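Here is the file upload_7.pdb (PDB, C-alpha atoms).
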```pdb
ATOM      1  CA  MET S 385      98.431 -84.482-169.759
ATOM      2  CA  SER S 386      95.006 -85.112-168.264
ATOM      3  CA  SER S 387      93.650 -82.987-165.476
ATOM      4  CA  PRO S 388      92.642 -84.636-162.203
ATOM      5  CA  THR S 389      88.955 -85.231-161.668
ATOM      6  CA  LEU S 390      87.153 -84.156-158.535
ATOM      7  CA  SER S 391      84.985 -86.464-156.476
ATOM      8  CA  LEU S 392      81.455 -85.363-155.680
ATOM      9  CA  LYS S 393      82.548 -84.674-152.088
ATOM     10  CA  ASP S 394      85.457 -82.504-153.247
ATOM     11  CA  MET S 395      83.231 -80.562-155.634
ATOM     12  CA  GLY S 396      80.797 -80.060-152.765
ATOM     13  CA  LEU S 397      83.544 -78.809-150.441
ATOM     14  CA  CYS S 398      84.840 -76.416-153.101
ATOM     15  CA  SER S 399      81.297 -75.205-153.729
ATOM     16  CA  ILE S 400      80.667 -74.605-150.028
ATOM     17  CA  PHE S 401      83.872 -72.580-149.862
ATOM     18  CA  ALA S 402      82.852 -70.647-152.969
ATOM     19  CA  VAL S 403      79.581 -69.630-151.295
ATOM     20  CA  ALA S 404      81.198 -69.012-147.901
ATOM     21  CA  LEU S 405      83.483 -66.303-149.301
ATOM     22  CA  PRO S 406      80.716 -64.025-150.582
ATOM     23  CA  ALA S 407      78.827 -64.566-147.324
ATOM     24  CA  GLY S 408      81.859 -63.117-145.568
ATOM     25  CA  GLN S 409      81.984 -60.195-147.988
ATOM     26  CA  MET S 410      78.318 -59.493-147.250
ATOM     27  CA  LEU S 411      79.134 -59.442-143.528
ATOM     28  CA  PHE S 412      81.964 -56.967-144.182
ATOM     29  CA  LYS S 413      79.606 -54.729-146.156
ATOM     30  CA  TRP S 414      77.017 -54.976-143.394
ATOM     31  CA  GLY S 415      79.748 -53.958-140.946
ATOM     32  CA  ALA S 416      80.625 -50.973-143.150
ATOM     33  CA  GLU S 417      76.974 -49.903-143.164
ATOM     34  CA  TYR S 418      76.670 -50.506-139.417
ATOM     35  CA  ASP S 419      79.765 -48.346-138.845
ATOM     36  CA  LYS S 420      77.841 -45.312-140.096
ATOM     37  CA  GLN S 421      75.724 -45.341-136.932
ATOM     38  CA  LEU S 422      78.690 -45.656-134.582
ATOM     39  CA  SER S 423      80.780 -42.788-133.246
ATOM     40  CA  GLY S 424      84.211 -42.426-131.749
ATOM     41  CA  PRO S 425      87.722 -43.314-132.839
ATOM     42  CA  PHE S 426      88.183 -45.973-135.505
ATOM     43  CA  LEU S 427      89.405 -48.733-133.178
ATOM     44  CA  VAL S 428      86.531 -48.124-130.750
ATOM     45  CA  ARG S 429      84.044 -48.371-133.634
ATOM     46  CA  VAL S 430      85.690 -51.595-134.806
ATOM     47  CA  MET S 431      85.313 -53.125-131.338
ATOM     48  CA  GLN S 432      81.613 -52.123-131.222
ATOM     49  CA  ASN S 433      80.855 -53.343-134.745
ATOM     50  CA  PHE S 434      79.208 -56.732-134.281
ATOM     51  CA  PRO S 435      78.709 -57.456-138.001
ATOM     52  CA  LEU S 436      82.431 -56.786-138.530
ATOM     53  CA  MET S 437      83.331 -59.132-135.678
ATOM     54  CA  GLY S 438      81.072 -61.725-137.294
ATOM     55  CA  ALA S 439      82.882 -61.221-140.601
ATOM     56  CA  PHE S 440      86.257 -61.791-138.930
ATOM     57  CA  ALA S 441      84.983 -64.954-137.228
ATOM     58  CA  TRP S 442      83.416 -66.180-140.482
ATOM     59  CA  TYR S 443      86.705 -65.688-142.312
ATOM     60  CA  GLY S 444      88.483 -67.706-139.633
ATOM     61  CA  VAL S 445      86.076 -70.594-140.198
ATOM     62  CA  THR S 446      86.367 -70.322-143.982
ATOM     63  CA  ALA S 447      90.179 -70.310-143.698
ATOM     64  CA  LEU S 448      89.958 -73.656-141.896
ATOM     65  CA  LEU S 449      87.623 -74.965-144.590
ATOM     66  CA  TRP S 450      90.021 -73.754-147.289
ATOM     67  CA  PHE S 451      92.901 -75.562-145.593
ATOM     68  CA  TYR S 452      90.848 -78.764-145.488
ATOM     69  CA  VAL S 453      89.921 -78.382-149.154
ATOM     70  CA  LEU S 454      93.588 -77.974-150.075
ATOM     71  CA  THR S 455      94.460 -81.224-148.297
ATOM     72  CA  ARG S 456      92.174 -82.970-150.803
ATOM     73  CA  VAL S 457      92.123 -80.905-154.009
ATOM     74  CA  PRO S 458      94.916 -79.387-156.145
ATOM     75  CA  LEU S 459      95.132 -75.621-155.684
ATOM     76  CA  SER S 460      94.692 -74.998-159.409
ATOM     77  CA  LEU S 461      91.287 -76.701-159.329
ATOM     78  CA  ALA S 462      90.130 -75.556-155.906
ATOM     79  CA  TYR S 463      90.911 -71.912-156.589
ATOM     80  CA  ALA S 464      88.866 -71.959-159.776
ATOM     81  CA  PHE S 465      85.771 -72.388-157.602
ATOM     82  CA  SER S 466      86.468 -69.002-156.004
ATOM     83  CA  LEU S 467      85.254 -67.549-159.305
ATOM     84  CA  VAL S 468      81.761 -68.527-158.212
ATOM     85  CA  GLY S 469      82.226 -66.371-155.138
ATOM     86  CA  SER S 470      83.514 -63.519-157.269
ATOM     87  CA  CYS S 471      80.269 -63.691-159.218
ATOM     88  CA  LEU S 472      78.043 -63.950-156.156
ATOM     89  CA  VAL S 473      79.467 -60.910-154.351
ATOM     90  CA  PRO S 474      78.173 -58.317-156.847
ATOM     91  CA  LEU S 475      74.875 -60.187-157.087
ATOM     92  CA  GLY S 476      74.539 -59.976-153.304
ATOM     93  CA  GLY S 477      75.514 -56.314-153.368
ATOM     94  CA  TRP S 478      72.792 -55.658-155.892
ATOM     95  CA  LEU S 479      70.107 -57.732-154.138
ATOM     96  CA  VAL S 480      70.826 -56.894-150.498
ATOM     97  CA  PHE S 481      72.482 -53.473-150.553
ATOM     98  CA  LYS S 482      70.805 -52.111-153.712
ATOM     99  CA  GLU S 483      74.157 -51.422-155.381
ATOM    100  CA  GLN S 484      74.293 -50.629-159.083
ATOM    101  CA  ALA S 485      74.794 -53.395-161.635
ATOM    102  CA  ASN S 486      74.820 -53.386-165.423
ATOM    103  CA  TRP S 487      74.779 -55.782-168.352
ATOM    104  CA  GLY S 488      78.529 -55.447-168.918
ATOM    105  CA  MET S 489      79.164 -56.749-165.405
ATOM    106  CA  ALA S 490      76.726 -59.609-165.972
ATOM    107  CA  ALA S 491      78.461 -60.561-169.224
ATOM    108  CA  GLY S 492      81.869 -60.468-167.547
ATOM    109  CA  TYR S 493      80.729 -62.706-164.722
ATOM    110  CA  LEU S 494      79.164 -65.146-167.188
ATOM    111  CA  LEU S 495      82.526 -65.369-168.942
ATOM    112  CA  MET S 496      84.168 -66.095-165.589
ATOM    113  CA  MET S 497      81.692 -68.909-164.957
ATOM    114  CA  ALA S 498      82.417 -70.323-168.416
ATOM    115  CA  GLY S 499      86.093 -70.328-167.441
ATOM    116  CA  LEU S 500      85.308 -72.304-164.303
ATOM    117  CA  PHE S 501      83.531 -74.964-166.332
ATOM    118  CA  LEU S 502      86.494 -75.181-168.715
ATOM    119  CA  VAL S 503      88.887 -75.672-165.799
ATOM    120  CA  VAL S 504      86.938 -78.312-163.866
ATOM    121  CA  ARG S 505      85.442 -80.306-166.749
ATOM    122  CA  PRO S 506      86.667 -83.871-167.094
ATOM    123  CA  ALA S 507      89.483 -84.326-169.609
TER     124      ALA S 507
END
```
Can the structure in the file be given as structure tokens, please?
Amino acid sequence: MSSPTLSLKDMGLCSIFAVALPAGQMLFKWGAEYDKQLSGPFLVRVMQNFPLMGAFAWYGVTALLWFYVLTRVPLSLAYAFSLVGSCLVPLGGWLVFKEQANWGMAAGYLLMMAGLFLVVRPA
């Protein structure tokens, strides 16, 4: 059984989605950091947290993109691209928020990327 091949447009759409997800995660983290300077009850802080509101809006847009991708690409192939996002989130955490990273994490994410290439390679 041969696996379906993706057009250049479909690979581009999947790639955009894969980058959009970690962008949303970065907005959520920014919102978590921004929350530290707010006071009051939780729901009041949520309503005053502009980075968090941006994250919610961004996820709404990415959900629409995901739906569009799924009208064109099999789920099993499209979802494999989310691995790219899973690798970019810790990289962004390290670069932007100065979170800790180590070589074991890097090796694990490289293995995930190798898995993506195995899944989407032409038969």
Resolved residues for the PyMOL selection byres ((chain S and resi 497) around 12) as a PyMOL selection string: chain S and resi 464-472+490-496+498-504
Centre and edge lengths, as AutoDock Vina command-line options, for the axis-aligned box enclosing every listed atom of region 391-410 of chain S with 8 Å of padding on each of the six sides, in Å to one decimal?
```
--center_x 81.9 --center_y -73.0 --center_z -151.0 --size_x 23.1 --size_y 43.0 --size_z 26.9
```
Contact residues around region 436-441 of chain S with only C-alpha atoms at 6 Å, ignoring same-chain residues under 2 positions, as JSON, numbers by chain: {"S": [408, 411, 412, 415, 433, 434, 443, 444]}
Output the selection as a PDB file, keeping the file's coordinate frame - C-alpha atoms for each residue.
```
ATOM      1  CA  GLY S 408      81.859 -63.117-145.568  1.00  0.00           C
ATOM      2  CA  LEU S 411      79.134 -59.442-143.528  1.00  0.00           C
ATOM      3  CA  PHE S 412      81.964 -56.967-144.182  1.00  0.00           C
ATOM      4  CA  GLY S 415      79.748 -53.958-140.946  1.00  0.00           C
ATOM      5  CA  ASN S 433      80.855 -53.343-134.745  1.00  0.00           C
ATOM      6  CA  PHE S 434      79.208 -56.732-134.281  1.00  0.00           C
ATOM      7  CA  TYR S 443      86.705 -65.688-142.312  1.00  0.00           C
ATOM      8  CA  GLY S 444      88.483 -67.706-139.633  1.00  0.00           C
TER       9      GLY S 444
END
```
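Taking CA of Val480 (chain S) and CA of Leu427 (chain S) as the two end points, the separation is 26.7 Å.
Between Gly396 (chain S) and the candidates S:Ala447, S:Val453, S:Leu479, S:Ala485, the tightest atom-to-atom separation, counting only C-alpha atoms, involves S:Val453.
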Separation of CA of Phe401 (chain S) from CA of Trp478 (chain S), in Å and rounded to one decimal: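 Interatomic distance, CA of Phe401 (chain S) to CA of Trp478 (chain S): 21.1 Å.
Among S:Gln409, S:Ser423, S:Ser391, S:Gln484, the residue with the shortest atom-to-atom distance to Pro435 (chain S), counting only C-alpha atoms, is S:Gln409.
Across the chains present, the PyMOL selection byres ((chain S and resi 450-452) around 12) applied to this file returns Asp394, Leu397, Cys398, Ser399, Ile400, Phe401, Ala402, Val403, Ala404, Leu405, Tyr443, Gly444, Val445, Thr446, Ala447, Leu448, Leu449, Val453, Leu454, Thr455, Arg456, Val457, Pro458, Leu459, Ala462, Tyr463, Phe465 and Ser466 of chain S.
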Computed interatomic separation between CA of Gln421 (chain S) and CA of Asn486 (chain S) (Å):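 Between CA of Gln421 (chain S) and CA of Asn486 (chain S) the gap is 29.6 Å.
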All residues 8 Å or closer to Met410 (chain S), all atoms listed in the file, same chain fewer than 4 positions away omitted, as an MDAnalysis selection string: chainID S and resid 406 414 473 476:477
Selection above as a file: C-alpha atoms, as an mmCIF file, in the coordinates of the input:
```cif
data_model
loop_
_atom_site.group_PDB
_atom_site.id
_atom_site.type_symbol
_atom_site.label_atom_id
_atom_site.label_comp_id
_atom_site.auth_asym_id
_atom_site.auth_seq_id
_atom_site.Cartn_x
_atom_site.Cartn_y
_atom_site.Cartn_z
ATOM 1 C CA PRO S 406 80.716 -64.025 -150.582
ATOM 2 C CA TRP S 414 77.017 -54.976 -143.394
ATOM 3 C CA VAL S 473 79.467 -60.910 -154.351
ATOM 4 C CA GLY S 476 74.539 -59.976 -153.304
ATOM 5 C CA GLY S 477 75.514 -56.314 -153.368
#
```
Nearest to Ala407 (chain S) by atom-to-atom distance, counting all atoms listed in the file, from S:Trp442, S:Phe481, S:Arg505, S:Gly488: S:Trp442
Residue among S:Trp487, S:Pro474, S:Ser460, S:Lys482 lying closest to Thr389 (chain S), counting all atoms listed in the file: S:Ser460
